Each structure stands twice: as C-alpha cells, then as structure tokens.
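J.: One file is attached below, run-v8.pdb, containing PDB, C-alpha atoms and all ligand atoms.
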ATOM      1  CA  MET W 827     198.738 -38.617 -67.094
ATOM      2  CA  ILE W 828     199.356 -40.131 -70.500
ATOM      3  CA  GLN W 829     196.691 -40.208 -73.087
ATOM      4  CA  ALA W 830     197.388 -41.627 -76.514
ATOM      5  CA  GLU W 831     194.651 -41.587 -79.121
ATOM      6  CA  SER W 832     194.866 -43.442 -82.418
ATOM      7  CA  LEU W 833     198.607 -43.248 -82.899
ATOM      8  CA  PHE W 834     199.743 -44.246 -86.371
ATOM      9  CA  LYS W 835     203.303 -44.460 -87.612
ATOM     10  CA  THR W 836     204.448 -45.978 -90.890
ATOM     11  CA  TYR W 837     207.905 -46.431 -92.327
ATOM     12  CA  THR W 838     208.684 -46.877 -95.977
ATOM     13  CA  LEU W 839     211.678 -49.024 -96.666
ATOM     14  CA  GLY W 840     212.648 -50.076-100.182
ATOM     15  CA  GLY W 841     209.118 -49.540-101.478
ATOM     16  CA  GLU W 842     207.581 -51.558 -98.651
ATOM     17  CA  ILE W 843     205.217 -49.796 -96.258
ATOM     18  CA  ILE W 844     205.567 -50.906 -92.662
ATOM     19  CA  ARG W 845     202.802 -50.031 -90.217
ATOM     20  CA  ALA W 846     204.907 -49.788 -87.092
ATOM     21  CA  LEU W 847     201.973 -48.343 -85.107
ATOM     22  CA  ASP W 848     198.527 -49.111 -86.431
ATOM     23  CA  GLY W 849     196.099 -47.199 -84.228
ATOM     24  CA  ILE W 850     197.292 -47.288 -80.630
ATOM     25  CA  SER W 851     195.057 -45.782 -77.950
ATOM     26  CA  MET W 852     195.774 -45.999 -74.248
ATOM     27  CA  THR W 853     195.622 -44.135 -70.988
ATOM     28  CA  ILE W 854     198.257 -44.447 -68.307
ATOM     29  CA  ASN W 855     197.678 -42.950 -64.903
ATOM     30  CA  SER W 856     200.184 -41.274 -62.678
ATOM     31  CA  GLY W 857     201.883 -43.828 -60.398
ATOM     32  CA  GLU W 858     201.362 -46.837 -62.651
ATOM     33  CA  MET W 859     204.034 -49.346 -63.607
ATOM     34  CA  VAL W 860     203.223 -50.759 -67.018
ATOM     35  CA  ALA W 861     204.941 -53.369 -69.163
ATOM     36  CA  ILE W 862     204.713 -53.230 -72.928
ATOM     37  CA  THR W 863     205.263 -56.665 -74.366
ATOM     38  CA  GLY W 864     205.112 -58.248 -77.802
ATOM     39  CA  ALA W 865     207.281 -60.008 -80.343
ATOM     40  CA  SER W 866     210.240 -58.373 -82.011
ATOM     41  CA  GLY W 867     209.028 -55.902 -84.649
ATOM     42  CA  SER W 868     205.608 -55.398 -83.035
ATOM     43  CA  GLY W 869     206.167 -51.655 -82.574
ATOM     44  CA  LYS W 870     207.309 -51.450 -78.934
ATOM     45  CA  SER W 871     210.325 -49.208 -79.513
ATOM     46  CA  THR W 872     208.429 -47.023 -81.977
ATOM     47  CA  LEU W 873     205.776 -46.450 -79.301
ATOM     48  CA  MET W 874     208.420 -45.694 -76.650
ATOM     49  CA  HIS W 875     210.117 -43.170 -78.924
ATOM     50  CA  ILE W 876     206.823 -41.365 -79.386
ATOM     51  CA  LEU W 877     206.002 -41.484 -75.661
ATOM     52  CA  GLY W 878     209.493 -40.114 -75.012
ATOM     53  CA  CYS W 879     209.067 -37.317 -77.560
ATOM     54  CA  LEU W 880     212.052 -38.605 -79.512
ATOM     55  CA  ASP W 881     209.774 -39.088 -82.491
ATOM     56  CA  GLN W 882     206.306 -37.992 -83.589
ATOM     57  CA  PRO W 883     203.395 -40.053 -84.868
ATOM     58  CA  ASP W 884     202.100 -39.558 -88.425
ATOM     59  CA  SER W 885     198.675 -39.002 -86.914
ATOM     60  CA  GLY W 886     196.930 -39.300 -83.585
ATOM     61  CA  ARG W 887     197.200 -37.413 -80.358
ATOM     62  CA  TYR W 888     199.653 -37.759 -77.509
ATOM     63  CA  ILE W 889     198.979 -35.889 -74.304
ATOM     64  CA  LEU W 890     201.534 -35.931 -71.494
ATOM     65  CA  GLY W 891     200.530 -34.182 -68.309
ATOM     66  CA  GLU W 892     198.259 -31.481 -69.614
ATOM     67  CA  GLU W 893     200.095 -30.821 -72.832
ATOM     68  CA  ASP W 894     199.384 -32.000 -76.358
ATOM     69  CA  MET W 895     202.822 -32.877 -77.697
ATOM     70  CA  ALA W 896     201.908 -31.914 -81.272
ATOM     71  CA  GLN W 897     201.224 -28.333 -80.157
ATOM     72  CA  LEU W 898     204.574 -27.703 -78.474
ATOM     73  CA  SER W 899     207.407 -25.570 -79.816
ATOM     74  CA  GLN W 900     210.748 -27.271 -80.424
ATOM     75  CA  ASN W 901     212.111 -25.563 -77.319
ATOM     76  CA  ARG W 902     209.306 -26.706 -75.073
ATOM     77  CA  LEU W 903     209.560 -30.230 -76.511
ATOM     78  CA  ALA W 904     213.266 -30.344 -75.677
ATOM     79  CA  GLU W 905     212.468 -29.130 -72.181
ATOM     80  CA  VAL W 906     209.821 -31.846 -71.705
ATOM     81  CA  ARG W 907     212.304 -34.474 -72.910
ATOM     82  CA  ASN W 908     215.056 -33.232 -70.634
ATOM     83  CA  ARG W 909     213.060 -32.541 -67.455
ATOM     84  CA  GLN W 910     209.908 -34.617 -67.481
ATOM     85  CA  ILE W 911     211.077 -37.885 -68.984
ATOM     86  CA  GLY W 912     213.865 -40.220 -67.909
ATOM     87  CA  PHE W 913     215.122 -42.871 -70.320
ATOM     88  CA  VAL W 914     216.751 -46.216 -69.678
ATOM     89  CA  PHE W 915     218.009 -48.220 -72.655
ATOM     90  CA  GLN W 916     218.956 -51.840 -73.145
ATOM     91  CA  THR W 917     222.549 -50.875 -73.946
ATOM     92  CA  PHE W 918     222.888 -48.446 -71.000
ATOM     93  CA  ASN W 919     224.144 -45.619 -73.298
ATOM     94  CA  LEU W 920     226.673 -44.255 -70.821
ATOM     95  CA  LEU W 921     229.596 -42.114 -71.934
ATOM     96  CA  PRO W 922     232.703 -44.296 -71.662
ATOM     97  CA  ARG W 923     235.375 -41.827 -70.522
ATOM     98  CA  MET W 924     233.260 -40.319 -67.804
ATOM     99  CA  SER W 925     232.755 -41.469 -64.245
ATOM    100  CA  ALA W 926     229.392 -42.679 -63.007
ATOM    101  CA  LEU W 927     228.963 -39.339 -61.245
ATOM    102  CA  GLU W 928     229.730 -37.337 -64.391
ATOM    103  CA  ASN W 929     227.326 -39.453 -66.456
ATOM    104  CA  VAL W 930     224.523 -38.814 -63.976
ATOM    105  CA  GLU W 931     225.321 -35.093 -63.694
ATOM    106  CA  LEU W 932     225.073 -34.557 -67.429
ATOM    107  CA  PRO W 933     221.298 -33.984 -67.857
ATOM    108  CA  LEU W 934     221.420 -31.428 -65.033
ATOM    109  CA  LEU W 935     224.404 -29.624 -66.542
ATOM    110  CA  TYR W 936     222.515 -29.391 -69.849
ATOM    111  CA  ALA W 937     219.630 -27.867 -67.925
ATOM    112  CA  GLY W 938     222.040 -25.373 -66.367
ATOM    113  CA  ARG W 939     221.520 -26.503 -62.791
ATOM    114  CA  LYS W 940     224.063 -25.455 -60.199
ATOM    115  CA  ASP W 941     223.332 -28.302 -57.790
ATOM    116  CA  ALA W 942     224.183 -31.008 -60.349
ATOM    117  CA  LYS W 943     226.825 -32.727 -58.246
ATOM    118  CA  GLU W 944     224.745 -33.025 -55.080
ATOM    119  CA  ARG W 945     221.705 -34.251 -56.967
ATOM    120  CA  ALA W 946     223.750 -36.787 -58.945
ATOM    121  CA  GLU W 947     225.278 -38.130 -55.734
ATOM    122  CA  GLU W 948     221.797 -38.458 -54.273
ATOM    123  CA  ALA W 949     220.522 -40.347 -57.353
ATOM    124  CA  LEU W 950     223.501 -42.722 -57.238
ATOM    125  CA  ASN W 951     222.758 -43.277 -53.582
ATOM    126  CA  VAL W 952     219.144 -44.210 -54.428
ATOM    127  CA  VAL W 953     220.342 -46.902 -56.849
ATOM    128  CA  GLY W 954     222.860 -48.225 -54.314
ATOM    129  CA  LEU W 955     226.049 -47.041 -55.994
ATOM    130  CA  SER W 956     227.446 -44.548 -53.490
ATOM    131  CA  ASP W 957     230.675 -46.498 -53.419
ATOM    132  CA  ARG W 958     231.155 -46.530 -57.213
ATOM    133  CA  MET W 959     230.744 -42.869 -58.156
ATOM    134  CA  ARG W 960     234.281 -42.415 -59.463
ATOM    135  CA  HIS W 961     234.254 -45.581 -61.552
ATOM    136  CA  GLU W 962     233.984 -45.379 -65.315
ATOM    137  CA  PRO W 963     231.474 -47.661 -67.091
ATOM    138  CA  SER W 964     234.245 -50.086 -68.144
ATOM    139  CA  GLN W 965     235.079 -50.575 -64.459
ATOM    140  CA  LEU W 966     231.506 -51.544 -63.598
ATOM    141  CA  SER W 967     229.464 -54.723 -64.071
ATOM    142  CA  GLY W 968     226.457 -54.766 -66.437
ATOM    143  CA  GLY W 969     224.026 -54.480 -63.544
ATOM    144  CA  GLN W 970     225.979 -51.572 -62.054
ATOM    145  CA  ARG W 971     226.054 -49.811 -65.424
ATOM    146  CA  GLN W 972     222.309 -50.121 -65.685
ATOM    147  CA  ARG W 973     222.001 -48.705 -62.162
ATOM    148  CA  VAL W 974     224.030 -45.694 -63.282
ATOM    149  CA  ALA W 975     221.651 -45.336 -66.239
ATOM    150  CA  VAL W 976     218.669 -45.506 -63.869
ATOM    151  CA  ALA W 977     220.289 -42.840 -61.661
ATOM    152  CA  ARG W 978     220.726 -40.655 -64.747
ATOM    153  CA  ALA W 979     217.064 -41.230 -65.653
ATOM    154  CA  ILE W 980     215.762 -40.141 -62.231
ATOM    155  CA  VAL W 981     218.178 -37.303 -61.492
ATOM    156  CA  SER W 982     215.960 -34.629 -63.082
ATOM    157  CA  ASP W 983     213.020 -35.902 -61.037
ATOM    158  CA  PRO W 984     210.969 -36.697 -64.162
ATOM    159  CA  ILE W 985     207.244 -37.392 -64.077
ATOM    160  CA  LEU W 986     207.738 -40.420 -66.332
ATOM    161  CA  ILE W 987     210.423 -43.091 -66.631
ATOM    162  CA  LEU W 988     210.628 -44.993 -69.916
ATOM    163  CA  ALA W 989     212.761 -48.113 -70.146
ATOM    164  CA  ASP W 990     213.220 -50.056 -73.398
ATOM    165  CA  GLU W 991     214.274 -53.636 -72.590
ATOM    166  CA  PRO W 992     216.271 -52.479 -69.546
ATOM    167  CA  THR W 993     217.140 -56.045 -68.578
ATOM    168  CA  GLY W 994     217.787 -57.292 -72.113
ATOM    169  CA  ASN W 995     221.567 -57.359 -71.693
ATOM    170  CA  LEU W 996     221.578 -58.683 -68.136
ATOM    171  CA  ASP W 997     221.504 -62.168 -66.682
ATOM    172  CA  THR W 998     218.348 -63.279 -64.878
ATOM    173  CA  LYS W 999     219.566 -62.522 -61.357
ATOM    174  CA  THR W1000     220.849 -59.055 -62.279
ATOM    175  CA  GLY W1001     217.681 -58.408 -64.270
ATOM    176  CA  ASP W1002     215.615 -59.219 -61.183
ATOM    177  CA  ASP W1003     217.713 -56.789 -59.119
ATOM    178  CA  ILE W1004     217.086 -54.035 -61.645
ATOM    179  CA  MET W1005     213.355 -54.844 -61.611
ATOM    180  CA  ALA W1006     213.370 -54.610 -57.800
ATOM    181  CA  LEU W1007     214.914 -51.177 -58.194
ATOM    182  CA  PHE W1008     212.184 -50.110 -60.636
ATOM    183  CA  SER W1009     209.549 -51.470 -58.229
ATOM    184  CA  ASP W1010     211.066 -49.365 -55.413
ATOM    185  CA  LEU W1011     210.956 -46.268 -57.603
ATOM    186  CA  ASN W1012     207.353 -47.044 -58.494
ATOM    187  CA  ASN W1013     206.448 -47.536 -54.822
ATOM    188  CA  ASN W1014     207.845 -44.052 -54.252
ATOM    189  CA  GLY W1015     205.295 -42.728 -56.708
ATOM    190  CA  ARG W1016     207.123 -42.738 -60.015
ATOM    191  CA  THR W1017     205.296 -43.647 -63.194
ATOM    192  CA  ILE W1018     207.173 -46.263 -65.190
ATOM    193  CA  ILE W1019     206.611 -47.744 -68.621
ATOM    194  CA  MET W1020     208.939 -50.493 -69.682
ATOM    195  CA  VAL W1021     209.320 -52.686 -72.702
ATOM    196  CA  THR W1022     210.233 -56.308 -72.296
ATOM    197  CA  HIS W1023     209.687 -59.521 -74.157
ATOM    198  CA  GLU W1024     210.283 -61.641 -71.098
ATOM    199  CA  GLN W1025     207.203 -62.665 -69.153
ATOM    200  CA  TYR W1026     208.904 -62.902 -65.764
ATOM    201  CA  ILE W1027     210.006 -59.282 -66.148
ATOM    202  CA  ALA W1028     206.530 -58.163 -67.237
ATOM    203  CA  ASP W1029     205.092 -59.930 -64.184
ATOM    204  CA  HIS W1030     206.724 -57.278 -61.969
ATOM    205  CA  CYS W1031     204.318 -54.715 -63.469
ATOM    206  CA  GLN W1032     200.710 -54.069 -62.433
ATOM    207  CA  ARG W1033     199.541 -53.777 -65.994
ATOM    208  CA  GLN W1034     200.671 -55.382 -69.227
ATOM    209  CA  ILE W1035     199.943 -54.090 -72.691
ATOM    210  CA  CYS W1036     200.736 -56.510 -75.475
ATOM    211  CA  LEU W1037     201.404 -55.317 -79.017
ATOM    212  CA  LYS W1038     201.142 -57.245 -82.243
ATOM    213  CA  ASP W1039     201.779 -55.714 -85.647
ATOM    214  CA  GLY W1040     201.437 -52.205 -84.252
ATOM    215  CA  GLN W1041     198.142 -52.825 -82.462
ATOM    216  CA  ILE W1042     197.211 -53.547 -78.868
ATOM    217  CA  VAL W1043     196.031 -57.147 -78.767
ATOM    218  CA  GLU W1044     195.815 -57.603 -75.048
ATOM    219  CA  SER W1045     195.854 -55.333 -72.069
ATOM    220  CA  HIS W1046     195.396 -56.694 -68.595
ATOM    221  CA  VAL W1047     195.729 -55.601 -65.022
ATOM    222  CA  LYS W1048     197.026 -57.827 -62.265
TER     223      LYS W1048
HETATM  224  P1  LIG W1101     210.051 -53.657 -81.546
HETATM  225  O1  LIG W1101     210.712 -52.640 -80.676
HETATM  226  O2  LIG W1101     208.763 -54.171 -81.012
HETATM  227  O3  LIG W1101     210.965 -54.780 -81.902
HETATM  228  P2  LIG W1101     210.054 -51.526 -83.533
HETATM  229  O4  LIG W1101     209.155 -50.492 -82.975
HETATM  230  O5  LIG W1101     211.505 -51.295 -83.424
HETATM  231  O6  LIG W1101     209.645 -52.957 -82.931
HETATM  232  O7  LIG W1101     209.707 -51.734 -85.066
HETATM  233  C1  LIG W1101     208.385 -51.900 -85.571
HETATM  234  C2  LIG W1101     208.434 -52.128 -87.071
HETATM  235  O8  LIG W1101     208.869 -50.945 -87.707
HETATM  236  C3  LIG W1101     209.401 -53.222 -87.469
HETATM  237  O9  LIG W1101     208.860 -53.909 -88.557
HETATM  238  C4  LIG W1101     210.643 -52.454 -87.863
HETATM  239  O10 LIG W1101     211.371 -53.171 -88.808
HETATM  240  C5  LIG W1101     210.067 -51.176 -88.444
HETATM  241  N1  LIG W1101     210.941 -50.018 -88.237
HETATM  242  C6  LIG W1101     211.309 -49.479 -87.044
HETATM  243  N2  LIG W1101     212.085 -48.395 -87.220
HETATM  244  C7  LIG W1101     212.222 -48.222 -88.563
HETATM  245  C8  LIG W1101     212.895 -47.274 -89.394
HETATM  246  N3  LIG W1101     213.589 -46.271 -88.875
HETATM  247  N4  LIG W1101     212.798 -47.439 -90.743
HETATM  248  C9  LIG W1101     212.079 -48.448 -91.277
HETATM  249  N5  LIG W1101     211.419 -49.359 -90.557
HETATM  250  C10 LIG W1101     211.470 -49.270 -89.228
HETATM  251 MG    MG W1102     212.592 -52.646 -79.750
END
Take the structure in the file and write it out as structure tokens.
T.:
Amino acid sequence: MIQAESLFKTYTLGGEIIRALDGISMTINSGEMVAITGASGSGKSTLMHILGCLDQPDSGRYILGEEDMAQLSQNRLAEVRNRQIGFVFQTFNLLPRMSALENVELPLLYAGRKDAKERAEEALNVVGLSDRMRHEPSQLSGGQRQRVAVARAIVSDPILILADEPTGNLDTKTGDDIMALFSDLNNNGRTIIMVTHEQYIADHCQRQICLKDGQIVESHVK
C-alpha cells in the first residue's frame, strides 16, 4: 500500500547541510501496524511528514495506494491528505474553544460532508468518549484529549493513520490505553504507522523500523 523508494531530504541551516533522510526505501502493506523508532534527530518526523503528504522529498518516489505522490496536482494532494490520511500528534493539536464533537467534525466539514455530526459522534463512540462530546479540550484529561485526536484522525475513514509520538505527552498507563486503542483500530483493518522512541510502545507493533541519521538501520518483524 505504501512504497517508498530512495527518499532523500536535506535541510540547510546556517550553512550546515543536514541529511534528514538519507535514502529511505520501504514497503508497508495494507493492515500493518508499524513502529518507527530511533533517537531524536534521526529523521522520524521528516519521514512522517512525507508519508503524510505534508512535505515532499528532494528525490525518491513515494507511492500511496496506486498513486505516485509526485505526480499529483495540488488539489488531488489536498484531497489525499484530507480523506486518505489521518494524523495524530504528540501535542494533540485540538482547537481549544471547540467541543470534542466540533473538533472531530472539522475534517468532514472541510470536505463538505452533510453527515459530519453523525459520523463524528460515531468516531467518538469508537474511542470511548460518548459521554464527553460537549467537553472542550481544557475540560479533558491528556488521555481523553488524545482520544479526541484519534477520533478526528479516523472520522474520514482514512486508508492510513499516521501518529508521531502519540504517547509522548502521556503517562505510562494512559499511553498503554492509547496503544490498546490503536491495536483495536489495527485489528479492525486499519493501517497504522507510528513514531515512538519508547521500546514498550514499539512492542505493541508487529514491525519496527529503526532510523539512524536518516537511514534505516534495523527493520524487524515480530
Ligand atoms: P526526529 O523526528 O527523529 O527527532 P526530525 O525528522 O525532526 O527527527 O529531524 C531530522 C533532522 O533534520 C534533525 O537533525 C533536525 O534538526 C533536522 N531538521 C528537521 N526539520 C528541519 C527544518 N525545518 N530545518 C532544518 N533542519 C531540520
Ligand atoms: Mg520528531
């Protein structure tokens, strides 16, 4: 479902050239749950941004589904981002003055869907937050906020869920709960790629890909 071939990405900062991605090739099949691990600065977020079509590689090919991302129009790329990919971030990235329900509805409203409310309620139900729909983020715990973010990520029924350190701001117990939620979603057929630098989180995934200095140094399957 995902095919990445020789992805390179460099940044230039104050005259210094940083090889954030230094030739990444990988294939991820539909239905997999994969952890991307590696030290801070190893290129994990850069890779996730490219997989999420938030950024483009300098060179290399990225195929999602049947489509080569470099060949898409800006409009089609925005559509892929909005409908085929769900994002979960370490810092939740919820809008503060909006209820959980409104936060989850948002991607559907952007897509012009009329059934936004029903679908958002359903997604909040999946993450176990039926009784917190009217709460704003400030009225929710960290774990509940991340559940809202997961609901927002799945509400468009994306083919791929990308999560960048989704448990990074949560305590161990809450992090485990969120991982159980991701495992449930994966058991229901969703493809998930998540970044973590904690081994016990990575151990929830069937496959682990370890990055070092922008290269894959280890890739193993449980
Ligand atoms: P990770 O998520 O594994 O911590 P990143 O992908 O964020 O790593 O970063 C990889 C490398 O690229 C790091 O050395 C980082 O400092 C550098 N980098 C990331 N984004 C930028 C940017 N926008 N400008 C310059 N350097 C960057
Ligand atoms: Mg990062």
J.: Evaluate the PyMOL selection byres (((not hetatm)) within 9 of (chain W and resi 1101)) here and jot the selected residues down as a PyMOL selection string.
T.: chain W and resi 835-839+843-847+863-875+990-991+1021+1023+1037-1040
J.: Taking 5 positions as the minimum chain separation for residues in the same chain, which residues sit within 10 Å of Gln1034 of chain W when counting only C-alpha atoms? Answer as a list in words.
T.: Met859, Val860, Ala861, Ile862, Thr863, Ile1019, Met1020, Val1021, Gln1025, Ala1028, Asp1029, Glu1044, Ser1045, His1046, Val1047 and Lys1048 of chain W
J.: Name the residues captured by the PyMOL selection byres (((chain W and resi 998-1012) around 10) and not hetatm) when it is applied to the shown file; answer as a VMD selection string.
T.: chain W and resid 857 to 859 952 to 954 967 to 970 972 to 973 976 980 987 989 992 to 997 1013 to 1018 1020 1026 to 1028 1030 to 1031
J.: Using all atoms listed in the file for the distances, tell me which of W:Ile876, W:Cys1036, W:Val1043, W:Leu920 is nearest to Arg971 of chain W.
T.: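 Comparing W:Ile876, W:Cys1036, W:Val1043, W:Leu920 against Arg971 of chain W, the winner is W:Leu920.
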J.: Apply the PyMOL selection byres (((chain W and resi 902-915) around 8) and not hetatm) to the structure shown and report the selected residues as an NGL selection string.
T.: :W and (878-880 or 895 or 898-901 or 916-919 or 933 or 937 or 972 or 975-976 or 978-980 or 982-992)
J.: Which of these, W:Thr1022, W:Val981, W:Gly938, W:Gln1032, has the shortest distance to ligand MG 1102 (chain W) once you count all atoms listed in the file?
T.: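 Using all atoms listed in the file, ligand MG 1102 (chain W) sits closest to W:Thr1022.
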J.: How many Å separate atom CA of Val974 of chain W from atom CA of Ser856 of chain W?
T.: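 So the two atoms, atom CA of Val974 of chain W and atom CA of Ser856 of chain W, lie 24.3 Å apart.
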